[in-house]
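Heads up, run38.tsv below (TSV, N, CA and C atoms):
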```tsv
chain	number	residue	atom	x	y	z
G	1	MET	N	0.85	-1.18	0.00
G	1	MET	CA	0.00	0.00	0.00
G	1	MET	C	0.89	1.24	0.00
G	2	ASN	N	0.43	2.28	-0.62
G	2	ASN	CA	1.12	3.56	-0.67
G	2	ASN	C	1.32	4.10	0.74
G	3	PRO	N	2.59	4.47	1.10
G	3	PRO	CA	2.83	4.97	2.46
G	3	PRO	C	2.01	6.21	2.83
G	4	LEU	N	1.79	7.10	1.88
G	4	LEU	CA	0.98	8.29	2.16
G	4	LEU	C	-0.46	7.90	2.44
G	5	LEU	N	-1.01	7.01	1.65
G	5	LEU	CA	-2.38	6.54	1.87
G	5	LEU	C	-2.48	5.84	3.22
G	6	ASN	N	-1.47	5.03	3.53
G	6	ASN	CA	-1.46	4.33	4.81
G	6	ASN	C	-1.45	5.33	5.98
G	7	ALA	N	-0.64	6.38	5.86
G	7	ALA	CA	-0.57	7.41	6.91
G	7	ALA	C	-1.91	8.13	7.04
G	8	LEU	N	-2.55	8.43	5.92
G	8	LEU	CA	-3.84	9.10	5.96
G	8	LEU	C	-4.91	8.22	6.58
G	9	LEU	N	-4.89	6.93	6.26
G	9	LEU	CA	-5.84	6.00	6.87
G	9	LEU	C	-5.61	5.88	8.37
G	10	LEU	N	-4.35	5.84	8.77
G	10	LEU	CA	-4.01	5.77	10.19
G	10	LEU	C	-4.49	7.02	10.93
G	11	ALA	N	-4.24	8.18	10.34
G	11	ALA	CA	-4.67	9.44	10.96
G	11	ALA	C	-6.20	9.52	11.01
G	12	GLY	N	-6.85	9.13	9.93
G	12	GLY	CA	-8.31	9.16	9.91
G	12	GLY	C	-8.92	8.21	10.93
G	13	ALA	N	-8.34	7.01	11.04
G	13	ALA	CA	-8.83	6.05	12.02
G	13	ALA	C	-8.62	6.57	13.44
G	14	GLY	N	-7.49	7.24	13.67
G	14	GLY	CA	-7.23	7.83	14.99
G	14	GLY	C	-8.26	8.91	15.32
G	15	ALA	N	-8.60	9.71	14.32
G	15	ALA	CA	-9.61	10.75	14.54
G	15	ALA	C	-10.96	10.13	14.85
G	16	VAL	N	-11.33	9.10	14.13
G	16	VAL	CA	-12.60	8.41	14.39
G	16	VAL	C	-12.60	7.81	15.80
G	17	GLY	N	-11.49	7.18	16.19
G	17	GLY	CA	-11.39	6.61	17.53
G	17	GLY	C	-11.54	7.67	18.61
G	18	SER	N	-10.93	8.83	18.40
G	18	SER	CA	-11.04	9.93	19.37
G	18	SER	C	-12.47	10.42	19.48
G	19	LEU	N	-13.14	10.56	18.35
G	19	LEU	CA	-14.54	11.00	18.36
G	19	LEU	C	-15.44	9.96	19.03
G	20	LEU	N	-15.17	8.69	18.77
G	20	LEU	CA	-15.94	7.63	19.43
G	20	LEU	C	-15.73	7.67	20.94
G	21	ARG	N	-14.50	7.90	21.36
G	21	ARG	CA	-14.22	7.98	22.80
G	21	ARG	C	-15.00	9.13	23.43
G	22	ALA	N	-14.94	10.30	22.80
G	22	ALA	CA	-15.66	11.46	23.34
G	22	ALA	C	-17.16	11.18	23.40
G	23	GLY	N	-17.69	10.56	22.36
G	23	GLY	CA	-19.12	10.25	22.34
G	23	GLY	C	-19.52	9.24	23.40
G	24	CYS	N	-18.73	8.18	23.55
G	24	CYS	CA	-19.04	7.16	24.56
G	24	CYS	C	-18.94	7.72	25.97
G	25	THR	N	-17.92	8.53	26.21
G	25	THR	CA	-17.74	9.11	27.54
G	25	THR	C	-18.90	10.05	27.87
G	26	THR	N	-19.28	10.87	26.91
G	26	THR	CA	-20.40	11.79	27.11
G	26	THR	C	-21.70	11.02	27.34
G	27	LEU	N	-21.93	10.02	26.53
G	27	LEU	CA	-23.16	9.22	26.65
G	27	LEU	C	-23.22	8.53	28.01
G	28	ALA	N	-22.12	7.93	28.43
G	28	ALA	CA	-22.11	7.25	29.73
G	28	ALA	C	-22.38	8.24	30.86
G	29	GLY	N	-21.80	9.44	30.77
G	29	GLY	CA	-22.04	10.46	31.79
G	29	GLY	C	-23.51	10.84	31.88
G	30	ARG	N	-24.15	10.93	30.73
G	30	ARG	CA	-25.58	11.28	30.71
G	30	ARG	C	-26.46	10.13	31.22
G	31	LEU	N	-26.06	8.91	30.90
G	31	LEU	CA	-26.88	7.76	31.27
G	31	LEU	C	-26.75	7.37	32.74
G	32	VAL	N	-25.52	7.40	33.26
G	32	VAL	CA	-25.31	6.90	34.63
G	32	VAL	C	-24.66	7.92	35.55
G	33	GLY	N	-24.43	9.12	35.07
G	33	GLY	CA	-23.87	10.17	35.92
G	33	GLY	C	-22.35	10.23	35.86
G	34	ALA	N	-21.83	11.33	36.35
G	34	ALA	CA	-20.40	11.58	36.27
G	34	ALA	C	-19.69	11.42	37.61
G	35	ALA	N	-20.38	10.88	38.61
G	35	ALA	CA	-19.77	10.72	39.94
G	35	ALA	C	-18.66	9.66	39.92
G	36	TYR	N	-18.70	8.75	38.97
G	36	TYR	CA	-17.71	7.69	38.81
G	36	TYR	C	-17.32	7.69	37.33
G	37	PRO	N	-16.08	7.40	36.98
G	37	PRO	CA	-15.68	7.46	35.56
G	37	PRO	C	-16.17	6.27	34.74
G	38	TRP	N	-17.50	6.12	34.68
G	38	TRP	CA	-18.09	5.01	33.91
G	38	TRP	C	-17.72	5.07	32.45
G	39	GLY	N	-17.66	6.26	31.90
G	39	GLY	CA	-17.33	6.40	30.47
G	39	GLY	C	-15.94	5.87	30.16
G	40	THR	N	-14.98	6.22	30.99
G	40	THR	CA	-13.62	5.73	30.79
G	40	THR	C	-13.56	4.21	30.95
G	41	LEU	N	-14.26	3.70	31.94
G	41	LEU	CA	-14.31	2.26	32.14
G	41	LEU	C	-14.91	1.57	30.92
G	42	ALA	N	-16.03	2.09	30.43
G	42	ALA	CA	-16.69	1.50	29.25
G	42	ALA	C	-15.78	1.54	28.03
G	43	VAL	N	-15.13	2.67	27.82
G	43	VAL	CA	-14.22	2.81	26.68
G	43	VAL	C	-13.06	1.82	26.79
G	44	ASN	N	-12.47	1.72	27.98
G	44	ASN	CA	-11.33	0.82	28.15
G	44	ASN	C	-11.73	-0.64	27.95
G	45	LEU	N	-12.90	-1.03	28.45
G	45	LEU	CA	-13.35	-2.41	28.28
G	45	LEU	C	-13.73	-2.70	26.83
G	46	ALA	N	-14.47	-1.79	26.21
G	46	ALA	CA	-14.85	-1.98	24.80
G	46	ALA	C	-13.61	-1.99	23.90
G	47	GLY	N	-12.68	-1.09	24.18
G	47	GLY	CA	-11.45	-1.04	23.38
G	47	GLY	C	-10.62	-2.29	23.55
G	48	SER	N	-10.56	-2.82	24.76
G	48	SER	CA	-9.81	-4.05	25.00
G	48	SER	C	-10.44	-5.23	24.27
G	49	PHE	N	-11.76	-5.31	24.30
G	49	PHE	CA	-12.46	-6.37	23.58
G	49	PHE	C	-12.19	-6.25	22.08
G	50	ALA	N	-12.30	-5.04	21.55
G	50	ALA	CA	-12.07	-4.83	20.12
G	50	ALA	C	-10.62	-5.14	19.75
G	51	PHE	N	-9.68	-4.78	20.61
G	51	PHE	CA	-8.26	-5.07	20.36
G	51	PHE	C	-8.07	-6.58	20.21
G	52	GLY	N	-8.63	-7.34	21.16
G	52	GLY	CA	-8.52	-8.80	21.08
G	52	GLY	C	-9.16	-9.36	19.82
G	53	ALA	N	-10.31	-8.84	19.46
G	53	ALA	CA	-11.00	-9.30	18.26
G	53	ALA	C	-10.18	-9.01	17.00
G	54	ILE	N	-9.60	-7.82	16.92
G	54	ILE	CA	-8.79	-7.45	15.75
G	54	ILE	C	-7.55	-8.32	15.65
G	55	VAL	N	-6.88	-8.56	16.77
G	55	VAL	CA	-5.70	-9.43	16.76
G	55	VAL	C	-6.08	-10.84	16.31
G	56	ALA	N	-7.20	-11.35	16.84
G	56	ALA	CA	-7.65	-12.70	16.45
G	56	ALA	C	-7.96	-12.75	14.95
G	57	LEU	N	-8.62	-11.73	14.43
G	57	LEU	CA	-8.93	-11.69	13.00
G	57	LEU	C	-7.66	-11.60	12.17
G	58	ALA	N	-6.70	-10.84	12.63
G	58	ALA	CA	-5.43	-10.72	11.90
G	58	ALA	C	-4.68	-12.05	11.90
G	59	LYS	N	-4.67	-12.73	13.04
G	59	LYS	CA	-4.00	-14.04	13.12
G	59	LYS	C	-4.69	-15.07	12.24
G	60	ALA	N	-5.99	-14.92	12.05
G	60	ALA	CA	-6.75	-15.82	11.18
G	60	ALA	C	-6.65	-15.40	9.71
G	61	ARG	N	-5.87	-14.38	9.46
G	61	ARG	CA	-5.65	-13.85	8.11
G	61	ARG	C	-6.91	-13.23	7.49
G	62	ALA	N	-7.85	-12.81	8.34
G	62	ALA	CA	-9.05	-12.13	7.85
G	62	ALA	C	-8.78	-10.65	7.63
G	63	LEU	N	-7.64	-10.17	8.14
G	63	LEU	CA	-7.21	-8.78	7.94
G	63	LEU	C	-5.78	-8.78	7.44
G	64	THR	N	-5.45	-7.80	6.62
G	64	THR	CA	-4.06	-7.64	6.19
G	64	THR	C	-3.26	-6.99	7.31
G	65	ALA	N	-1.96	-7.04	7.20
G	65	ALA	CA	-1.10	-6.40	8.21
G	65	ALA	C	-1.37	-4.90	8.25
G	66	GLU	N	-1.59	-4.29	7.09
G	66	GLU	CA	-1.88	-2.85	7.04
G	66	GLU	C	-3.20	-2.53	7.72
G	67	GLN	N	-4.20	-3.35	7.47
G	67	GLN	CA	-5.50	-3.14	8.12
G	67	GLN	C	-5.39	-3.30	9.63
G	68	GLU	N	-4.61	-4.29	10.07
G	68	GLU	CA	-4.41	-4.50	11.49
G	68	GLU	C	-3.79	-3.27	12.15
G	69	VAL	N	-2.77	-2.70	11.53
G	69	VAL	CA	-2.11	-1.52	12.08
G	69	VAL	C	-3.07	-0.33	12.12
G	70	VAL	N	-3.79	-0.12	11.04
G	70	VAL	CA	-4.73	1.01	10.99
G	70	VAL	C	-5.79	0.86	12.09
G	71	LEU	N	-6.30	-0.35	12.26
G	71	LEU	CA	-7.35	-0.56	13.26
G	71	LEU	C	-6.80	-0.50	14.69
G	72	LEU	N	-5.66	-1.16	14.93
G	72	LEU	CA	-5.13	-1.20	16.30
G	72	LEU	C	-4.50	0.12	16.71
G	73	VAL	N	-3.61	0.63	15.89
G	73	VAL	CA	-2.89	1.85	16.26
G	73	VAL	C	-3.76	3.09	16.04
G	74	GLY	N	-4.48	3.11	14.92
G	74	GLY	CA	-5.31	4.26	14.60
G	74	GLY	C	-6.62	4.27	15.38
G	75	LEU	N	-7.52	3.38	15.02
G	75	LEU	CA	-8.87	3.39	15.61
G	75	LEU	C	-8.84	3.11	17.12
G	76	ILE	N	-8.28	1.98	17.50
G	76	ILE	CA	-8.28	1.63	18.92
G	76	ILE	C	-7.33	2.53	19.70
G	77	GLY	N	-6.20	2.90	19.11
G	77	GLY	CA	-5.27	3.82	19.77
G	77	GLY	C	-5.90	5.18	20.02
G	78	GLY	N	-6.72	5.65	19.09
G	78	GLY	CA	-7.45	6.90	19.29
G	78	GLY	C	-8.57	6.75	20.30
G	79	PHE	N	-9.13	5.56	20.37
G	79	PHE	CA	-10.24	5.28	21.28
G	79	PHE	C	-9.73	5.09	22.71
G	80	THR	N	-8.70	4.27	22.87
G	80	THR	CA	-8.12	4.01	24.19
G	80	THR	C	-6.77	3.35	24.05
G	81	THR	N	-5.77	3.85	24.76
G	81	THR	CA	-4.48	3.17	24.77
G	81	THR	C	-4.44	2.08	25.83
G	82	TYR	N	-5.42	2.06	26.70
G	82	TYR	CA	-5.49	1.03	27.72
G	82	TYR	C	-5.52	-0.36	27.10
G	83	ALA	N	-6.17	-0.50	25.95
G	83	ALA	CA	-6.27	-1.80	25.31
G	83	ALA	C	-4.90	-2.36	24.97
G	84	SER	N	-3.97	-1.53	24.55
G	84	SER	CA	-2.61	-2.00	24.26
G	84	SER	C	-1.96	-2.52	25.53
G	85	PHE	N	-2.11	-1.77	26.60
G	85	PHE	CA	-1.59	-2.19	27.91
G	85	PHE	C	-2.18	-3.55	28.31
G	86	ALA	N	-3.50	-3.68	28.19
G	86	ALA	CA	-4.17	-4.92	28.58
G	86	ALA	C	-3.71	-6.09	27.72
G	87	PHE	N	-3.54	-5.84	26.42
G	87	PHE	CA	-3.10	-6.91	25.52
G	87	PHE	C	-1.68	-7.34	25.86
G	88	GLN	N	-0.79	-6.39	26.09
G	88	GLN	CA	0.59	-6.74	26.41
G	88	GLN	C	0.67	-7.53	27.71
G	89	ALA	N	-0.10	-7.13	28.71
G	89	ALA	CA	-0.12	-7.87	29.97
G	89	ALA	C	-0.67	-9.29	29.76
G	90	THR	N	-1.70	-9.41	28.94
G	90	THR	CA	-2.28	-10.71	28.63
G	90	THR	C	-1.28	-11.61	27.92
G	91	GLU	N	-0.55	-11.05	26.98
G	91	GLU	CA	0.47	-11.82	26.26
G	91	GLU	C	1.56	-12.32	27.21
G	92	MET	N	1.97	-11.47	28.16
G	92	MET	CA	2.97	-11.89	29.15
G	92	MET	C	2.42	-13.03	30.00
G	93	LEU	N	1.19	-12.90	30.45
G	93	LEU	CA	0.57	-13.95	31.27
G	93	LEU	C	0.45	-15.25	30.47
G	94	ALA	N	0.02	-15.15	29.22
G	94	ALA	CA	-0.17	-16.33	28.39
G	94	ALA	C	1.15	-17.05	28.10
G	95	SER	N	2.24	-16.30	28.07
G	95	SER	CA	3.54	-16.91	27.80
G	95	SER	C	4.24	-17.36	29.08
G	96	GLY	N	3.53	-17.29	30.22
G	96	GLY	CA	4.08	-17.76	31.47
G	96	GLY	C	4.98	-16.78	32.20
G	97	ARG	N	5.03	-15.55	31.73
G	97	ARG	CA	5.86	-14.53	32.36
G	97	ARG	C	5.03	-13.80	33.42
G	98	ILE	N	4.64	-14.54	34.43
G	98	ILE	CA	3.71	-14.05	35.45
G	98	ILE	C	4.30	-12.87	36.23
G	99	VAL	N	5.52	-13.01	36.71
G	99	VAL	CA	6.14	-11.95	37.50
G	99	VAL	C	6.31	-10.69	36.66
G	100	SER	N	6.76	-10.85	35.41
G	100	SER	CA	6.90	-9.69	34.52
G	100	SER	C	5.56	-9.02	34.28
G	101	ALA	N	4.51	-9.82	34.09
G	101	ALA	CA	3.18	-9.27	33.84
G	101	ALA	C	2.68	-8.48	35.04
G	102	ILE	N	2.84	-9.05	36.22
G	102	ILE	CA	2.39	-8.35	37.44
G	102	ILE	C	3.20	-7.08	37.63
G	103	ALA	N	4.51	-7.16	37.43
G	103	ALA	CA	5.35	-5.97	37.56
G	103	ALA	C	4.94	-4.90	36.56
G	104	TYR	N	4.66	-5.30	35.33
G	104	TYR	CA	4.23	-4.36	34.29
G	104	TYR	C	2.90	-3.70	34.68
G	105	MET	N	1.96	-4.49	35.16
G	105	MET	CA	0.65	-3.94	35.53
G	105	MET	C	0.76	-2.99	36.72
G	106	VAL	N	1.51	-3.38	37.72
G	106	VAL	CA	1.64	-2.54	38.92
G	106	VAL	C	2.41	-1.26	38.60
G	107	THR	N	3.56	-1.40	37.91
G	107	THR	CA	4.37	-0.20	37.64
G	107	THR	C	3.67	0.74	36.67
G	108	THR	N	2.99	0.22	35.67
G	108	THR	CA	2.29	1.09	34.73
G	108	THR	C	1.24	1.92	35.46
G	109	ASN	N	0.46	1.27	36.31
G	109	ASN	CA	-0.59	1.99	37.02
G	109	ASN	C	-0.03	2.94	38.07
G	110	ALA	N	0.88	2.45	38.88
G	110	ALA	CA	1.44	3.29	39.95
G	110	ALA	C	2.23	4.47	39.37
G	111	LEU	N	3.08	4.20	38.40
G	111	LEU	CA	3.87	5.29	37.82
G	111	LEU	C	3.02	6.23	36.97
G	112	GLY	N	1.96	5.70	36.36
G	112	GLY	CA	1.04	6.56	35.62
G	112	GLY	C	0.36	7.56	36.52
G	113	VAL	N	-0.12	7.10	37.66
G	113	VAL	CA	-0.75	7.99	38.64
G	113	VAL	C	0.28	8.99	39.16
G	114	ALA	N	1.49	8.52	39.44
G	114	ALA	CA	2.55	9.41	39.92
G	114	ALA	C	2.92	10.46	38.87
G	115	ALA	N	2.93	10.06	37.60
G	115	ALA	CA	3.27	11.00	36.53
G	115	ALA	C	2.20	12.08	36.38
G	116	VAL	N	0.93	11.70	36.49
G	116	VAL	CA	-0.15	12.69	36.45
G	116	VAL	C	0.00	13.66	37.62
G	117	TRP	N	0.23	13.13	38.81
G	117	TRP	CA	0.43	13.97	40.00
G	117	TRP	C	1.60	14.93	39.79
G	118	ALA	N	2.72	14.42	39.26
G	118	ALA	CA	3.89	15.26	39.02
G	118	ALA	C	3.60	16.35	38.00
G	119	GLY	N	2.88	15.99	36.95
G	119	GLY	CA	2.51	16.99	35.95
G	119	GLY	C	1.62	18.08	36.53
G	120	LEU	N	0.67	17.68	37.36
G	120	LEU	CA	-0.21	18.65	38.01
G	120	LEU	C	0.58	19.56	38.93
G	121	ARG	N	1.46	18.97	39.74
G	121	ARG	CA	2.26	19.76	40.69
G	121	ARG	C	3.24	20.68	39.96
G	122	THR	N	3.84	20.20	38.91
G	122	THR	CA	4.84	20.97	38.19
G	122	THR	C	4.24	22.19	37.49
G	123	PHE	N	3.07	22.03	36.91
G	123	PHE	CA	2.50	23.10	36.11
G	123	PHE	C	1.30	23.76	36.76
G	124	ARG	N	1.13	23.62	38.05
G	124	ARG	CA	0.03	24.22	38.79
G	124	ARG	C	0.22	25.71	38.92
```
Could I get this file's structure written as structure tokens?
Amino acid sequence: MNPLLNALLLAGAGAVGSLLRAGCTTLAGRLVGAAYPWGTLAVNLAGSFAFGAIVALAKARALTAEQEVVLLVGLIGGFTTYASFAFQATEMLASGRIVSAIAYMVTTNALGVAAVWAGLRTFR
């Protein structure tokens, strides 16, 4: 595939994913309230499910490598990056790398929260 076309498809899919995330988050807030981050939870779970489905379809050769990248990096990446994290942790667990998977999950979450806190404190 033409690299320019591939880049445009990737960017377009990312834009669609971002719009879907905004829409889902807004809808969840209206349906169940904003006291708990239901929208983010819904997006992360739906994105993780879709990530797994896309990988399975790609492994079954139902998608080309280019389509897989556009869907995973563009669409799902724009929708939620949590799905990539969840997939990588799942792959570690499936390959028997239990300690590495737990370390990855704990450090990603703990350091992510710490990084947000540091960013808030630094630029407050």
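With distances restricted to only N, CA and C atoms, G:Ala28 is the closest residue to Thr40 in chain G from G:Ala103, G:Ala7, G:Ala62, G:Ala28.
For the pair CA of Leu27 in chain G and CA of Ala42 in chain G, the separation is 10.4 Å.
CA of Phe79 in chain G lies 8.7 Å from CA of Ala15 in chain G.
Coordinates place atom C of Val70 in chain G at a distance of 8.5 Å from atom N of Leu9 in chain G.
Ranking G:Thr80, G:Thr108, G:Thr122, G:Ser100 by their shortest atom-to-atom distance to Val16 in chain G, with only C-alpha atoms included, puts G:Thr80 first.
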| Counting all atoms listed in the file, what is within 6.5 Å of Asn44 in chain G, bar same-chain residues fewer than 3 positions away, as JSON, numbers by chain? | {"G": [39, 40, 41, 47, 48, 49, 80, 82, 83]}
Take the residues from that selection and put them in a file with N, CA and C atoms, as a PDB file, in the frame of the given file.
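Result written to selection.pdb:
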```pdb
ATOM      1  N   GLY G  39     -17.660   6.260  31.900  1.00  0.00           N
ATOM      2  CA  GLY G  39     -17.330   6.400  30.470  1.00  0.00           C
ATOM      3  C   GLY G  39     -15.940   5.870  30.160  1.00  0.00           C
ATOM      4  N   THR G  40     -14.980   6.220  30.990  1.00  0.00           N
ATOM      5  CA  THR G  40     -13.620   5.730  30.790  1.00  0.00           C
ATOM      6  C   THR G  40     -13.560   4.210  30.950  1.00  0.00           C
ATOM      7  N   LEU G  41     -14.260   3.700  31.940  1.00  0.00           N
ATOM      8  CA  LEU G  41     -14.310   2.260  32.140  1.00  0.00           C
ATOM      9  C   LEU G  41     -14.910   1.570  30.920  1.00  0.00           C
ATOM     10  N   GLY G  47     -12.680  -1.090  24.180  1.00  0.00           N
ATOM     11  CA  GLY G  47     -11.450  -1.040  23.380  1.00  0.00           C
ATOM     12  C   GLY G  47     -10.620  -2.290  23.550  1.00  0.00           C
ATOM     13  N   SER G  48     -10.560  -2.820  24.760  1.00  0.00           N
ATOM     14  CA  SER G  48      -9.810  -4.050  25.000  1.00  0.00           C
ATOM     15  C   SER G  48     -10.440  -5.230  24.270  1.00  0.00           C
ATOM     16  N   PHE G  49     -11.760  -5.310  24.300  1.00  0.00           N
ATOM     17  CA  PHE G  49     -12.460  -6.370  23.580  1.00  0.00           C
ATOM     18  C   PHE G  49     -12.190  -6.250  22.080  1.00  0.00           C
ATOM     19  N   THR G  80      -8.700   4.270  22.870  1.00  0.00           N
ATOM     20  CA  THR G  80      -8.120   4.010  24.190  1.00  0.00           C
ATOM     21  C   THR G  80      -6.770   3.350  24.050  1.00  0.00           C
ATOM     22  N   TYR G  82      -5.420   2.060  26.700  1.00  0.00           N
ATOM     23  CA  TYR G  82      -5.490   1.030  27.720  1.00  0.00           C
ATOM     24  C   TYR G  82      -5.520  -0.360  27.100  1.00  0.00           C
ATOM     25  N   ALA G  83      -6.170  -0.500  25.950  1.00  0.00           N
ATOM     26  CA  ALA G  83      -6.270  -1.800  25.310  1.00  0.00           C
ATOM     27  C   ALA G  83      -4.900  -2.360  24.970  1.00  0.00           C
TER      28      ALA G  83
END
```
| query | DSSP says alpha helix (DSSP H) for which residues of range 68-114 of chain G? Put them as a ChimeraX atom specification? | reply | /G:68-69,77-79,82-94,98-114
| said: With only C-alpha atoms as the counted atoms, please give the residues lying no more than 12 Å from Glu91 in chain G, apart from itself and same-chain residues fewer than 4 positions off, as a ChimeraX atom specification. | reply: /G:52,55,84-87,95-98,100-102,104
Just range 64-87 of chain G, please, as a compact mmCIF listing (two decimals), in the first residue's frame (only C-alpha atoms).
```txt
# COMPACT_ATOMS: atom_id res chain seq x y z
CA THR G 64 -4.06 -7.64 6.19
CA ALA G 65 -1.10 -6.40 8.21
CA GLU G 66 -1.88 -2.85 7.04
CA GLN G 67 -5.50 -3.14 8.12
CA GLU G 68 -4.41 -4.50 11.49
CA VAL G 69 -2.11 -1.52 12.08
CA VAL G 70 -4.73 1.01 10.99
CA LEU G 71 -7.35 -0.56 13.26
CA LEU G 72 -5.13 -1.20 16.30
CA VAL G 73 -2.89 1.85 16.26
CA GLY G 74 -5.31 4.26 14.60
CA LEU G 75 -8.87 3.39 15.61
CA ILE G 76 -8.28 1.63 18.92
CA GLY G 77 -5.27 3.82 19.77
CA GLY G 78 -7.45 6.90 19.29
CA PHE G 79 -10.24 5.28 21.28
CA THR G 80 -8.12 4.01 24.19
CA THR G 81 -4.48 3.17 24.77
CA TYR G 82 -5.49 1.03 27.72
CA ALA G 83 -6.27 -1.80 25.31
CA SER G 84 -2.61 -2.00 24.26
CA PHE G 85 -1.59 -2.19 27.91
CA ALA G 86 -4.17 -4.92 28.58
CA PHE G 87 -3.10 -6.91 25.52
```
